[in-house]
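Printed here is coords_9.cif (mmCIF, C-alpha atoms and all ligand atoms):
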```cif
data_data
loop_
_atom_site.label_atom_id
_atom_site.label_comp_id
_atom_site.auth_asym_id
_atom_site.auth_seq_id
_atom_site.Cartn_x
_atom_site.Cartn_y
_atom_site.Cartn_z
CA MET A 1238 -56.54 -68.03 -1.93
CA ALA A 1239 -53.11 -66.83 -0.80
CA ASP A 1240 -54.20 -65.81 2.66
CA ASP A 1241 -54.82 -69.25 4.07
CA GLN A 1242 -51.34 -70.37 3.08
CA PRO A 1243 -48.77 -68.26 4.87
CA GLN A 1244 -46.01 -70.77 4.22
CA LEU A 1245 -46.61 -70.26 0.52
CA ASN A 1246 -45.96 -66.58 0.79
CA ASP A 1247 -42.77 -67.16 2.74
CA LEU A 1248 -41.51 -69.55 0.15
CA PHE A 1249 -42.13 -67.53 -2.99
CA ASP A 1250 -41.24 -63.88 -3.37
CA ARG A 1251 -44.56 -63.27 -5.03
CA ARG A 1252 -47.17 -65.00 -7.08
CA LEU A 1253 -48.14 -63.91 -10.57
CA GLU A 1254 -51.52 -64.49 -12.14
CA PHE A 1255 -52.14 -64.53 -15.89
CA PRO A 1256 -53.51 -63.21 -18.15
CA ASP A 1257 -51.97 -59.94 -17.13
CA MET A 1258 -51.54 -56.80 -19.21
CA ASP A 1259 -48.19 -55.85 -17.76
CA ALA A 1260 -46.76 -59.31 -18.43
CA ALA A 1261 -48.09 -59.15 -21.98
CA ARG A 1262 -46.25 -55.88 -22.52
CA ARG A 1263 -43.00 -57.19 -21.05
CA LEU A 1264 -43.21 -60.37 -23.09
CA ASN A 1265 -43.84 -58.38 -26.21
CA ARG A 1266 -40.78 -56.24 -25.64
CA LEU A 1267 -38.38 -59.19 -25.63
CA VAL A 1268 -36.19 -59.28 -28.72
CA GLY A 1269 -34.79 -62.32 -30.50
CA VAL A 1270 -36.69 -64.93 -28.53
CA ASP A 1271 -39.61 -65.53 -30.90
CA ASP A 1272 -38.77 -69.16 -31.53
CA ALA A 1273 -38.30 -69.93 -27.83
CA LYS A 1274 -41.46 -68.00 -27.08
CA SER A 1275 -43.67 -69.98 -29.43
CA ARG A 1276 -42.18 -73.38 -28.62
CA LEU A 1277 -42.24 -72.70 -24.91
CA THR A 1278 -45.82 -71.47 -25.04
CA LYS A 1279 -46.98 -74.69 -26.72
CA LEU A 1280 -44.97 -76.88 -24.41
CA LEU A 1281 -46.28 -75.20 -21.29
CA ALA A 1282 -49.77 -75.05 -22.75
CA ILE A 1283 -50.07 -78.80 -23.14
CA LEU A 1284 -48.68 -79.32 -19.65
CA VAL A 1285 -50.87 -76.87 -17.78
CA ASN A 1286 -53.92 -77.67 -19.90
CA PRO A 1287 -53.93 -81.35 -20.93
CA GLU A 1288 -57.46 -80.86 -22.22
CA GLY A 1289 -56.08 -78.71 -25.02
CA PRO A 1290 -54.35 -81.46 -27.03
CA ARG A 1291 -57.28 -83.81 -26.40
CA ALA A 1292 -59.71 -81.33 -27.91
CA TRP A 1293 -57.30 -80.76 -30.78
CA ALA A 1294 -56.99 -84.52 -31.41
CA SER A 1295 -60.72 -85.12 -31.32
CA ARG A 1296 -61.05 -82.47 -34.01
CA HIS A 1297 -58.20 -83.49 -36.28
CA HIS A 1298 -57.10 -87.00 -35.33
CA PRO A 1299 -59.83 -88.81 -33.39
CA GLN A 1300 -58.01 -92.16 -33.83
CA ALA A 1301 -54.65 -90.95 -32.63
CA ALA A 1302 -54.66 -92.20 -29.04
CA THR A 1303 -51.06 -93.43 -29.15
CA LEU A 1304 -49.81 -90.23 -30.69
CA LEU A 1305 -51.57 -88.22 -28.03
CA ASP A 1306 -50.20 -90.41 -25.29
CA TYR A 1307 -46.64 -89.51 -26.28
CA VAL A 1308 -47.51 -85.84 -26.06
CA GLU A 1309 -49.13 -86.26 -22.67
CA ARG A 1310 -46.16 -88.13 -21.35
CA ARG A 1311 -43.73 -85.30 -21.98
CA PRO A 1312 -41.89 -84.46 -18.82
CA PRO A 1313 -43.22 -81.34 -17.10
CA LEU A 1314 -39.83 -79.62 -17.18
CA VAL A 1315 -38.17 -77.12 -19.51
CA ILE A 1316 -34.72 -75.60 -19.09
CA LEU A 1317 -33.72 -72.08 -20.12
CA ALA A 1318 -29.95 -71.75 -20.28
CA GLY A 1319 -27.54 -69.06 -21.37
CA ASP A 1320 -25.56 -65.94 -20.72
CA VAL A 1321 -26.56 -63.39 -18.09
CA GLY A 1322 -29.00 -60.66 -19.02
CA THR A 1323 -30.39 -62.43 -22.07
CA GLY A 1324 -34.03 -62.68 -21.01
CA LYS A 1325 -34.34 -66.01 -19.22
CA THR A 1326 -35.98 -64.59 -16.12
CA GLU A 1327 -37.99 -62.07 -18.06
CA LEU A 1328 -39.37 -64.72 -20.42
CA SER A 1329 -40.10 -67.14 -17.56
CA GLU A 1330 -41.96 -64.51 -15.61
CA THR A 1331 -44.15 -63.46 -18.52
CA ILE A 1332 -44.66 -66.52 -20.73
CA GLY A 1333 -47.59 -67.55 -18.53
CA ASP A 1334 -49.52 -64.73 -20.12
CA ALA A 1335 -49.16 -66.23 -23.61
CA VAL A 1336 -50.16 -69.65 -22.26
CA ALA A 1337 -53.20 -68.25 -20.47
CA ARG A 1338 -54.38 -66.37 -23.54
CA GLN A 1339 -53.81 -69.25 -25.94
CA GLU A 1340 -55.57 -71.81 -23.75
CA LYS A 1341 -58.11 -69.39 -22.35
CA ILE A 1342 -57.39 -70.51 -18.79
CA GLY A 1343 -55.92 -68.86 -15.73
CA VAL A 1344 -52.23 -69.54 -15.12
CA THR A 1345 -50.40 -68.94 -11.84
CA LEU A 1346 -46.64 -68.61 -11.61
CA TYR A 1347 -44.70 -69.42 -8.47
CA PRO A 1348 -41.23 -67.88 -8.83
CA LEU A 1349 -38.42 -69.19 -6.68
CA SER A 1350 -34.88 -67.87 -7.06
CA LEU A 1351 -32.22 -70.09 -5.59
CA SER A 1352 -29.44 -67.52 -5.68
CA THR A 1353 -30.98 -65.41 -2.94
CA ARG A 1354 -32.08 -68.41 -0.91
CA GLY A 1355 -30.44 -70.99 1.19
CA SER A 1356 -27.62 -69.71 3.35
CA GLY A 1357 -25.84 -72.97 2.71
CA LYS A 1358 -26.96 -74.56 5.92
CA VAL A 1359 -27.15 -78.31 5.58
CA GLY A 1360 -30.51 -79.42 4.29
CA GLU A 1361 -31.79 -75.93 3.58
CA MET A 1362 -31.73 -76.12 -0.20
CA THR A 1363 -33.37 -79.52 -0.07
CA LYS A 1364 -36.15 -78.28 2.17
CA LEU A 1365 -36.68 -75.25 -0.01
CA VAL A 1366 -36.93 -77.27 -3.21
CA SER A 1367 -39.21 -79.87 -1.63
CA ALA A 1368 -41.50 -77.19 -0.20
CA ALA A 1369 -41.70 -75.46 -3.58
CA PHE A 1370 -42.79 -78.68 -5.26
CA ASP A 1371 -45.24 -79.43 -2.45
CA ALA A 1372 -46.86 -76.03 -2.94
CA THR A 1373 -46.99 -76.50 -6.71
CA LEU A 1374 -48.49 -79.97 -6.42
CA ASP A 1375 -51.00 -78.74 -3.93
CA ALA A 1376 -52.10 -75.81 -6.08
CA ALA A 1377 -52.33 -77.99 -9.20
CA GLN A 1378 -54.31 -80.66 -7.36
CA LYS A 1379 -56.78 -78.08 -6.11
CA LEU A 1380 -57.24 -76.74 -9.60
CA ARG A 1381 -57.99 -80.14 -10.95
CA ARG A 1382 -60.36 -80.97 -8.15
CA THR A 1383 -62.42 -77.81 -8.43
CA ALA A 1384 -62.52 -77.94 -12.19
CA GLY A 1385 -63.39 -81.59 -12.62
CA ALA A 1386 -62.23 -83.12 -15.86
CA ARG A 1387 -61.50 -79.81 -17.50
CA ALA A 1388 -58.51 -77.97 -16.11
CA GLY A 1389 -59.66 -74.69 -14.67
CA GLY A 1390 -56.18 -73.37 -14.71
CA GLY A 1391 -52.54 -74.28 -14.62
CA VAL A 1392 -49.52 -73.73 -12.44
CA ILE A 1393 -45.95 -72.92 -13.43
CA LEU A 1394 -43.12 -73.33 -10.95
CA LEU A 1395 -40.09 -71.23 -11.86
CA VAL A 1396 -36.80 -72.35 -10.32
CA ASP A 1397 -34.52 -69.46 -11.22
CA GLU A 1398 -30.74 -69.17 -10.80
CA ALA A 1399 -30.73 -72.91 -10.49
CA ASP A 1400 -26.95 -73.28 -10.80
CA ALA A 1401 -27.03 -72.96 -7.02
CA LEU A 1402 -28.71 -76.33 -6.98
CA THR A 1403 -25.60 -78.19 -8.06
CA GLN A 1404 -22.88 -75.62 -7.84
CA SER A 1405 -20.03 -77.37 -6.18
CA ARG A 1406 -19.77 -80.15 -8.74
CA GLU A 1407 -17.42 -77.66 -10.32
CA ASP A 1408 -14.84 -78.43 -7.69
CA GLY A 1409 -14.80 -82.02 -8.79
CA GLN A 1410 -16.84 -83.30 -5.90
CA MET A 1411 -20.42 -82.92 -5.04
CA HIS A 1412 -21.26 -82.30 -1.47
CA HIS A 1413 -23.81 -84.56 0.05
CA GLU A 1414 -26.19 -81.66 0.57
CA ASP A 1415 -26.03 -80.64 -3.10
CA ARG A 1416 -26.88 -84.12 -4.18
CA ALA A 1417 -29.84 -84.04 -1.83
CA GLY A 1418 -31.08 -80.78 -3.39
CA VAL A 1419 -30.83 -82.25 -6.87
CA ASN A 1420 -32.60 -85.38 -5.73
CA ALA A 1421 -35.40 -83.32 -4.22
CA PHE A 1422 -35.76 -81.50 -7.52
CA ILE A 1423 -35.88 -84.71 -9.52
CA ARG A 1424 -38.37 -86.24 -7.12
CA GLY A 1425 -40.55 -83.15 -7.49
CA VAL A 1426 -40.55 -83.29 -11.28
CA ASP A 1427 -41.33 -86.99 -11.21
CA ARG A 1428 -44.21 -86.49 -8.80
CA LEU A 1429 -45.78 -83.86 -11.04
CA ALA A 1430 -45.33 -86.16 -14.03
CA GLU A 1431 -46.84 -89.21 -12.36
CA LYS A 1432 -49.93 -87.40 -11.21
CA ARG A 1433 -50.37 -85.69 -14.57
CA LEU A 1434 -51.28 -82.45 -12.91
CA PRO A 1435 -51.87 -79.18 -14.81
CA ALA A 1436 -48.41 -77.97 -13.86
CA ALA A 1437 -45.02 -77.29 -15.41
CA VAL A 1438 -41.57 -76.43 -14.13
CA ILE A 1439 -39.20 -73.91 -15.72
CA LEU A 1440 -35.58 -74.12 -14.62
CA CYS A 1441 -33.23 -71.23 -15.49
CA THR A 1442 -29.47 -71.40 -15.37
CA ASN A 1443 -26.53 -69.35 -16.54
CA ARG A 1444 -24.57 -72.49 -17.20
CA LEU A 1445 -26.19 -75.60 -18.57
CA SER A 1446 -23.11 -77.57 -17.52
CA ALA A 1447 -23.92 -76.76 -13.89
CA ILE A 1448 -27.19 -78.63 -14.17
CA ASP A 1449 -27.07 -82.28 -13.20
CA PRO A 1450 -27.32 -84.65 -16.18
CA ALA A 1451 -30.21 -86.45 -14.50
CA VAL A 1452 -32.11 -83.16 -14.44
CA GLN A 1453 -31.19 -82.35 -18.05
CA ARG A 1454 -32.40 -85.76 -19.15
CA ARG A 1455 -35.83 -85.01 -17.73
CA ALA A 1456 -36.27 -81.79 -19.68
CA ALA A 1457 -38.84 -81.87 -22.47
CA ASP A 1458 -36.81 -79.13 -24.11
CA ILE A 1459 -33.76 -76.99 -23.48
CA PHE A 1460 -33.72 -73.42 -24.78
CA GLU A 1461 -30.45 -71.56 -25.24
CA PHE A 1462 -30.16 -67.82 -24.85
CA HIS A 1463 -27.48 -65.58 -26.30
CA ARG A 1464 -26.24 -62.01 -26.20
CA PRO A 1465 -27.85 -59.77 -28.78
CA ASN A 1466 -26.31 -59.44 -32.25
CA ASP A 1467 -26.29 -56.11 -34.16
CA VAL A 1468 -29.84 -56.51 -35.40
CA GLN A 1469 -31.13 -57.38 -31.94
CA ARG A 1470 -29.28 -54.52 -30.23
CA ARG A 1471 -30.75 -52.20 -32.81
CA ALA A 1472 -34.23 -53.58 -32.12
CA VAL A 1473 -33.81 -52.70 -28.45
CA LEU A 1474 -32.16 -49.31 -28.94
CA ASP A 1475 -34.01 -47.97 -31.97
CA GLY A 1476 -37.22 -46.93 -30.24
CA PRO A 1477 -35.85 -45.23 -27.13
CA LEU A 1478 -32.94 -43.50 -28.91
CA ALA A 1479 -35.16 -42.24 -31.72
CA GLU A 1480 -37.46 -40.86 -29.02
CA ALA A 1481 -34.44 -39.01 -27.60
CA GLY A 1482 -33.82 -37.41 -31.00
CA PHE A 1483 -30.94 -39.58 -32.22
CA SER A 1484 -30.55 -39.77 -36.02
CA ARG A 1485 -30.27 -43.04 -37.93
CA ALA A 1486 -26.51 -42.60 -38.17
CA ASP A 1487 -26.27 -41.90 -34.42
CA ILE A 1488 -28.17 -45.07 -33.64
CA ASP A 1489 -26.00 -47.07 -36.05
CA ARG A 1490 -22.96 -45.83 -34.18
CA VAL A 1491 -24.40 -46.76 -30.77
CA VAL A 1492 -25.29 -50.23 -32.09
CA GLN A 1493 -21.73 -50.59 -33.27
CA MET A 1494 -20.16 -49.29 -30.05
CA THR A 1495 -22.19 -51.75 -27.96
CA GLY A 1496 -21.00 -54.72 -30.00
CA ALA A 1497 -17.81 -56.75 -29.81
CA ALA A 1498 -14.70 -54.64 -30.21
CA ARG A 1499 -10.99 -54.99 -30.85
CA ASP A 1500 -10.24 -55.33 -27.15
CA ARG A 1501 -13.15 -57.60 -26.26
CA ALA A 1502 -14.77 -60.60 -27.89
CA TYR A 1503 -18.25 -59.87 -26.65
CA GLY A 1504 -20.76 -57.06 -26.79
CA PHE A 1505 -23.34 -55.68 -24.39
CA THR A 1506 -26.00 -58.02 -23.00
CA PHE A 1507 -29.67 -57.14 -23.35
CA SER A 1508 -29.72 -56.04 -19.73
CA ASP A 1509 -26.56 -53.94 -20.23
CA LEU A 1510 -28.60 -52.00 -22.78
CA THR A 1511 -31.91 -51.75 -20.92
CA GLN A 1512 -30.75 -51.53 -17.33
CA ARG A 1513 -27.42 -49.73 -17.65
CA LEU A 1514 -26.94 -47.84 -20.90
CA LEU A 1515 -30.38 -46.31 -21.39
CA PRO A 1516 -30.92 -45.28 -17.74
CA THR A 1517 -27.35 -43.94 -17.59
CA LEU A 1518 -28.00 -41.67 -20.57
CA VAL A 1519 -31.08 -40.27 -18.89
CA LEU A 1520 -29.60 -39.87 -15.42
CA ASP A 1521 -26.53 -38.20 -16.86
CA ALA A 1522 -28.68 -35.58 -18.58
CA TYR A 1523 -31.32 -35.21 -15.89
CA PRO A 1524 -32.42 -32.72 -14.62
CA ASP A 1525 -30.83 -29.88 -16.60
CA ARG A 1526 -29.80 -31.13 -20.03
CA PRO A 1527 -31.23 -33.22 -22.84
CA VAL A 1528 -29.75 -36.56 -23.85
CA THR A 1529 -27.35 -36.07 -26.77
CA PHE A 1530 -25.45 -38.39 -29.07
CA ALA A 1531 -22.16 -36.65 -28.29
CA ARG A 1532 -22.57 -37.34 -24.60
CA ALA A 1533 -23.74 -40.90 -25.27
CA GLN A 1534 -20.51 -41.51 -27.16
CA GLN A 1535 -18.43 -40.23 -24.25
CA LEU A 1536 -20.32 -42.36 -21.75
CA LEU A 1537 -19.99 -45.44 -23.95
CA GLU A 1538 -16.20 -45.04 -23.97
CA THR A 1539 -16.25 -45.62 -20.22
CA MET A 1540 -18.77 -48.47 -20.14
CA THR A 1541 -17.86 -52.13 -20.45
CA PRO A 1542 -20.25 -54.99 -21.08
CA THR A 1543 -20.87 -57.59 -18.39
CA PRO A 1544 -18.32 -60.36 -18.91
CA PRO A 1545 -19.78 -63.66 -20.08
CA PHE A 1546 -20.72 -65.85 -17.17
CA GLN A 1547 -18.54 -68.77 -18.21
CA ASP A 1548 -15.37 -66.77 -18.66
CA ARG A 1549 -15.78 -65.10 -15.32
CA ARG A 1550 -16.08 -68.45 -13.62
CA ARG A 1551 -13.08 -69.97 -15.24
CA GLY A 1552 -11.20 -66.90 -14.14
N1 LIG B 1601 -34.21 -60.69 -25.30
C1 LIG B 1601 -34.35 -59.49 -24.69
N2 LIG B 1601 -34.92 -58.47 -25.34
C2 LIG B 1601 -35.07 -57.27 -24.74
N3 LIG B 1601 -34.68 -57.00 -23.48
C3 LIG B 1601 -34.10 -57.99 -22.79
C4 LIG B 1601 -33.92 -59.28 -23.36
N4 LIG B 1601 -33.31 -60.06 -22.44
C5 LIG B 1601 -33.14 -59.30 -21.35
N5 LIG B 1601 -33.61 -58.05 -21.56
C6 LIG B 1601 -33.58 -56.97 -20.59
O1 LIG B 1601 -32.67 -57.28 -19.57
C7 LIG B 1601 -33.34 -57.41 -18.33
C8 LIG B 1601 -32.76 -58.58 -17.55
O2 LIG B 1601 -33.03 -59.77 -18.22
P1 LIG B 1601 -33.20 -61.15 -17.44
O3 LIG B 1601 -34.35 -61.86 -18.01
O4 LIG B 1601 -33.24 -60.88 -15.98
O5 LIG B 1601 -31.84 -61.88 -17.82
P2 LIG B 1601 -31.35 -63.32 -17.38
O6 LIG B 1601 -31.16 -64.09 -18.66
O7 LIG B 1601 -30.02 -63.08 -16.70
O8 LIG B 1601 -32.37 -63.92 -16.48
C9 LIG B 1601 -34.80 -57.59 -18.69
O9 LIG B 1601 -35.64 -57.11 -17.69
C10 LIG B 1601 -34.92 -56.77 -19.96
O10 LIG B 1601 -35.06 -55.39 -19.67
MG MG B 1602 -32.17 -64.37 -14.47
#
```

Turn the structure described in the file into structure tokens.
Amino acid sequence: MADDQPQLNDLFDRRLEFPDMDAARRLNRLVGVDDAKSRLTKLLAILVNPEGPRAWASRHHPQAATLLDYVERRPPLVILAGDVGTGKTELSETIGDAVARQEKIGVTLYPLSLSTRGSGKVGEMTKLVSAAFDATLDAAQKLRRTAGARAGGGVILLVDEADALTQSREDGQMHHEDRAGVNAFIRGVDRLAEKRLPAAVILCTNRLSAIDPAVQRRAADIFEFHRPNDVQRRAVLDGPLAEAGFSRADIDRVVQMTGAARDRAYGFTFSDLTQRLLPTLVLDAYPDRPVTFARAQQLLETMTPTPPFQDRRRG
């Protein structure tokens, strides 16, 4: 299916198909996002598989046509917003697995990150966004056509690092090009909605305030992500550190050291733990020594958590 559409492969870094075992594992490993996970799964499920709610209604509420209509008219957009390294991308890239399993359909994700795209040339962001929606529409239309009345599958478009879409509003003025990118995005969402295709859009941003109000208004739901609290840091660290031979008390201490401290109001992000701390412990010990708590303590003294996105921007 991918081979006859080279432009599709240029546009998206890769394409992910669900159900997928690896995605299931990654999704399962996310801590503290259970509520977002279940709400997001349902929301995406009814968008990528409109047949689902209809079957549900015919079972439980055969008379409820108006009620169902409100559900079907939900905008095909959800926003994930919050601090860096809190699982927005990870959840977006794997939630399709939960949707696919729940609805028993195939789900395809098209991931597009705006941070690495668009050199800032006039019109580039707009073209990129329009092309992404074209590809999504096209894929969703094909699915509907081949499957007849029953959706044979659904499509999720992920627009990641979307602050780039409207960035320079910060400076008090929005460049013409930025406005055009936002407009292309809005047009895309509206087109998907009008045609009632088995498709949904996930937009991720580090700063909700960077997202145009007109885009926010179109979101069926906005999910907020936060840095891990003590319990959540423990949930991440417990398994791997216990494997490394750390005692309960050792792990307690690491949980504490990765939290807020006297000289800083914030603790480690999830990704600080999984992508910096844990690998650092291993690489420090490898290849000659084992990982030890004493060494972990020393290393932690020298490590600082990623500053919150907002503070960094305000300078
Ligand atoms: N809620 C979480 N639970 C466990 N690990 C997480 C969580 N959020 C992020 N991580 C870890 O941090 C990495 C980066 O997270 P990511 O989703 O890219 O963050 P962002 O919110 O900036 O998009 C993930 O691959 C995962 O290892
Ligand atoms: Mg991200």

| said: For Lys1364 of chain A, find every residue with an atom within 8 Å (counting all atoms listed in the file), except residues of its own chain fewer than 4 positions away, and show them as an MDAnalysis selection string. | reply: chainID A and resid 1360 1368 1418

Once 6 Å is added on each side, what centre and edge lengths in Å to one decimal does the axis-aligned box around all listed atoms of ligand LIG 1601 (chain B) have, as JSON?
```
{"center_x": -32.8, "center_y": -59.7, "center_z": -20.7, "size_x": 17.6, "size_y": 20.7, "size_z": 21.4}
```

| field | Residue nearest ligand LIG 1601 (chain B) among A:His1298, A:Lys1432, A:Arg1262, A:Lys1279 (counting all atoms listed in the file) | value |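 Selected residue with least distance to ligand LIG 1601 (chain B): A:Arg1262.
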
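Proximity of A:Val1426, A:Phe1255, A:Arg1433, A:His1463 to Ser1367 of chain A, computed with only C-alpha atoms, is greatest for A:Val1426.
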
| task | Within 7 Å of (-34.4, -68.4, -28.0) (coordinates as in the file), grab all the protein and nucleic acid residues, counting only C-alpha atoms, and write them out as an MDAnalysis selection string. | result | chainID A and resid 1269:1273 1460:1462

Take the residues from that selection and put them in a file with C-alpha atoms, as a CSV table (one decimal), keeping the file's coordinate frame.
```csv
chain,number,residue,atom,x,y,z
A,1269,GLY,CA,-34.8,-62.3,-30.5
A,1270,VAL,CA,-36.7,-64.9,-28.5
A,1271,ASP,CA,-39.6,-65.5,-30.9
A,1272,ASP,CA,-38.8,-69.2,-31.5
A,1273,ALA,CA,-38.3,-69.9,-27.8
A,1460,PHE,CA,-33.7,-73.4,-24.8
A,1461,GLU,CA,-30.4,-71.6,-25.2
A,1462,PHE,CA,-30.2,-67.8,-24.8
```

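Across the structure, atom CA of Gly1425 of chain A and atom CA of Arg1454 of chain A are spaced 14.5 Å apart.
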
| request: Can you tell me which residues come within 10 Å of ligand MG 1602 (chain B) when counting all atoms listed in the file, ideally as a PyMOL selection string? | output: chain A and resi 1317-1330+1350+1352+1397-1399+1441-1443

| request: For a cut-off of 7 Å around (-54.2, -88.0, -29.1), file coordinates, pick out all residues using only C-alpha atoms and list them as number ranges by chain. | output: A: 1290-1291, 1294, 1298, 1301-1306

| In Å, with one decimal, what is the gap from atom CA of Ala1486 of chain A to atom CA of Val1268 of chain A? |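 Distance reported for this atom pair: 21.5 Å.
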
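Taking atom CA of Pro1465 of chain A as the reference point, atom P1 of ligand LIG 1601 (chain B) is found at 12.6 Å.
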
Place N, CA, C and O atoms on segment 1449-1465 of chain A and deliver the coordinates as a PDB file, in the frame of the given file.
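Printed below is out_7.pdb as written:
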```pdb
ATOM      1  N   ASP A1449     -27.291 -80.836 -13.265  1.00  0.00           N
ATOM      2  CA  ASP A1449     -27.070 -82.280 -13.200  1.00  0.00           C
ATOM      3  C   ASP A1449     -27.623 -82.987 -14.437  1.00  0.00           C
ATOM      4  O   ASP A1449     -28.729 -82.676 -14.889  1.00  0.00           O
ATOM      5  N   PRO A1450     -26.859 -83.923 -14.992  1.00  0.00           N
ATOM      6  CA  PRO A1450     -27.320 -84.650 -16.180  1.00  0.00           C
ATOM      7  C   PRO A1450     -28.675 -85.320 -15.977  1.00  0.00           C
ATOM      8  O   PRO A1450     -29.483 -85.393 -16.904  1.00  0.00           O
ATOM      9  N   ALA A1451     -28.929 -85.790 -14.769  1.00  0.00           N
ATOM     10  CA  ALA A1451     -30.210 -86.450 -14.500  1.00  0.00           C
ATOM     11  C   ALA A1451     -31.368 -85.463 -14.603  1.00  0.00           C
ATOM     12  O   ALA A1451     -32.480 -85.832 -14.968  1.00  0.00           O
ATOM     13  N   VAL A1452     -31.086 -84.204 -14.294  1.00  0.00           N
ATOM     14  CA  VAL A1452     -32.110 -83.160 -14.440  1.00  0.00           C
ATOM     15  C   VAL A1452     -32.267 -82.828 -15.921  1.00  0.00           C
ATOM     16  O   VAL A1452     -33.381 -82.733 -16.441  1.00  0.00           O
ATOM     17  N   GLN A1453     -31.147 -82.664 -16.609  1.00  0.00           N
ATOM     18  CA  GLN A1453     -31.190 -82.350 -18.050  1.00  0.00           C
ATOM     19  C   GLN A1453     -31.956 -83.412 -18.830  1.00  0.00           C
ATOM     20  O   GLN A1453     -32.717 -83.099 -19.737  1.00  0.00           O
ATOM     21  N   ARG A1454     -31.731 -84.651 -18.460  1.00  0.00           N
ATOM     22  CA  ARG A1454     -32.400 -85.760 -19.150  1.00  0.00           C
ATOM     23  C   ARG A1454     -33.914 -85.665 -19.044  1.00  0.00           C
ATOM     24  O   ARG A1454     -34.639 -86.117 -19.909  1.00  0.00           O
ATOM     25  N   ARG A1455     -34.381 -85.096 -17.949  1.00  0.00           N
ATOM     26  CA  ARG A1455     -35.830 -85.010 -17.730  1.00  0.00           C
ATOM     27  C   ARG A1455     -36.480 -83.851 -18.466  1.00  0.00           C
ATOM     28  O   ARG A1455     -37.704 -83.729 -18.460  1.00  0.00           O
ATOM     29  N   ALA A1456     -35.683 -82.972 -19.041  1.00  0.00           N
ATOM     30  CA  ALA A1456     -36.270 -81.790 -19.680  1.00  0.00           C
ATOM     31  C   ALA A1456     -36.943 -82.161 -21.001  1.00  0.00           C
ATOM     32  O   ALA A1456     -36.382 -82.893 -21.814  1.00  0.00           O
ATOM     33  N   ALA A1457     -38.162 -81.678 -21.195  1.00  0.00           N
ATOM     34  CA  ALA A1457     -38.840 -81.870 -22.470  1.00  0.00           C
ATOM     35  C   ALA A1457     -38.145 -81.058 -23.549  1.00  0.00           C
ATOM     36  O   ALA A1457     -38.146 -81.420 -24.723  1.00  0.00           O
ATOM     37  N   ASP A1458     -37.525 -79.962 -23.157  1.00  0.00           N
ATOM     38  CA  ASP A1458     -36.810 -79.130 -24.110  1.00  0.00           C
ATOM     39  C   ASP A1458     -35.821 -78.236 -23.374  1.00  0.00           C
ATOM     40  O   ASP A1458     -36.036 -77.911 -22.205  1.00  0.00           O
ATOM     41  N   ILE A1459     -34.744 -77.903 -24.055  1.00  0.00           N
ATOM     42  CA  ILE A1459     -33.760 -76.990 -23.480  1.00  0.00           C
ATOM     43  C   ILE A1459     -33.607 -75.815 -24.446  1.00  0.00           C
ATOM     44  O   ILE A1459     -33.352 -76.017 -25.636  1.00  0.00           O
ATOM     45  N   PHE A1460     -33.816 -74.615 -23.948  1.00  0.00           N
ATOM     46  CA  PHE A1460     -33.720 -73.420 -24.780  1.00  0.00           C
ATOM     47  C   PHE A1460     -32.438 -72.675 -24.440  1.00  0.00           C
ATOM     48  O   PHE A1460     -32.147 -72.446 -23.277  1.00  0.00           O
ATOM     49  N   GLU A1461     -31.697 -72.286 -25.478  1.00  0.00           N
ATOM     50  CA  GLU A1461     -30.450 -71.560 -25.240  1.00  0.00           C
ATOM     51  C   GLU A1461     -30.586 -70.092 -25.576  1.00  0.00           C
ATOM     52  O   GLU A1461     -31.146 -69.741 -26.613  1.00  0.00           O
ATOM     53  N   PHE A1462     -30.065 -69.271 -24.693  1.00  0.00           N
ATOM     54  CA  PHE A1462     -30.160 -67.820 -24.850  1.00  0.00           C
ATOM     55  C   PHE A1462     -28.781 -67.225 -25.104  1.00  0.00           C
ATOM     56  O   PHE A1462     -27.802 -67.685 -24.549  1.00  0.00           O
ATOM     57  N   HIS A1463     -28.761 -66.190 -25.942  1.00  0.00           N
ATOM     58  CA  HIS A1463     -27.480 -65.580 -26.300  1.00  0.00           C
ATOM     59  C   HIS A1463     -27.535 -64.065 -26.182  1.00  0.00           C
ATOM     60  O   HIS A1463     -28.603 -63.473 -26.198  1.00  0.00           O
ATOM     61  N   ARG A1464     -26.346 -63.468 -26.128  1.00  0.00           N
ATOM     62  CA  ARG A1464     -26.240 -62.010 -26.200  1.00  0.00           C
ATOM     63  C   ARG A1464     -26.788 -61.514 -27.522  1.00  0.00           C
ATOM     64  O   ARG A1464     -26.712 -62.232 -28.512  1.00  0.00           O
ATOM     65  N   PRO A1465     -27.259 -60.285 -27.544  1.00  0.00           N
ATOM     66  CA  PRO A1465     -27.850 -59.770 -28.780  1.00  0.00           C
ATOM     67  C   PRO A1465     -26.801 -59.501 -29.870  1.00  0.00           C
ATOM     68  O   PRO A1465     -25.701 -59.037 -29.563  1.00  0.00           O
TER      69      PRO A1465
END
```
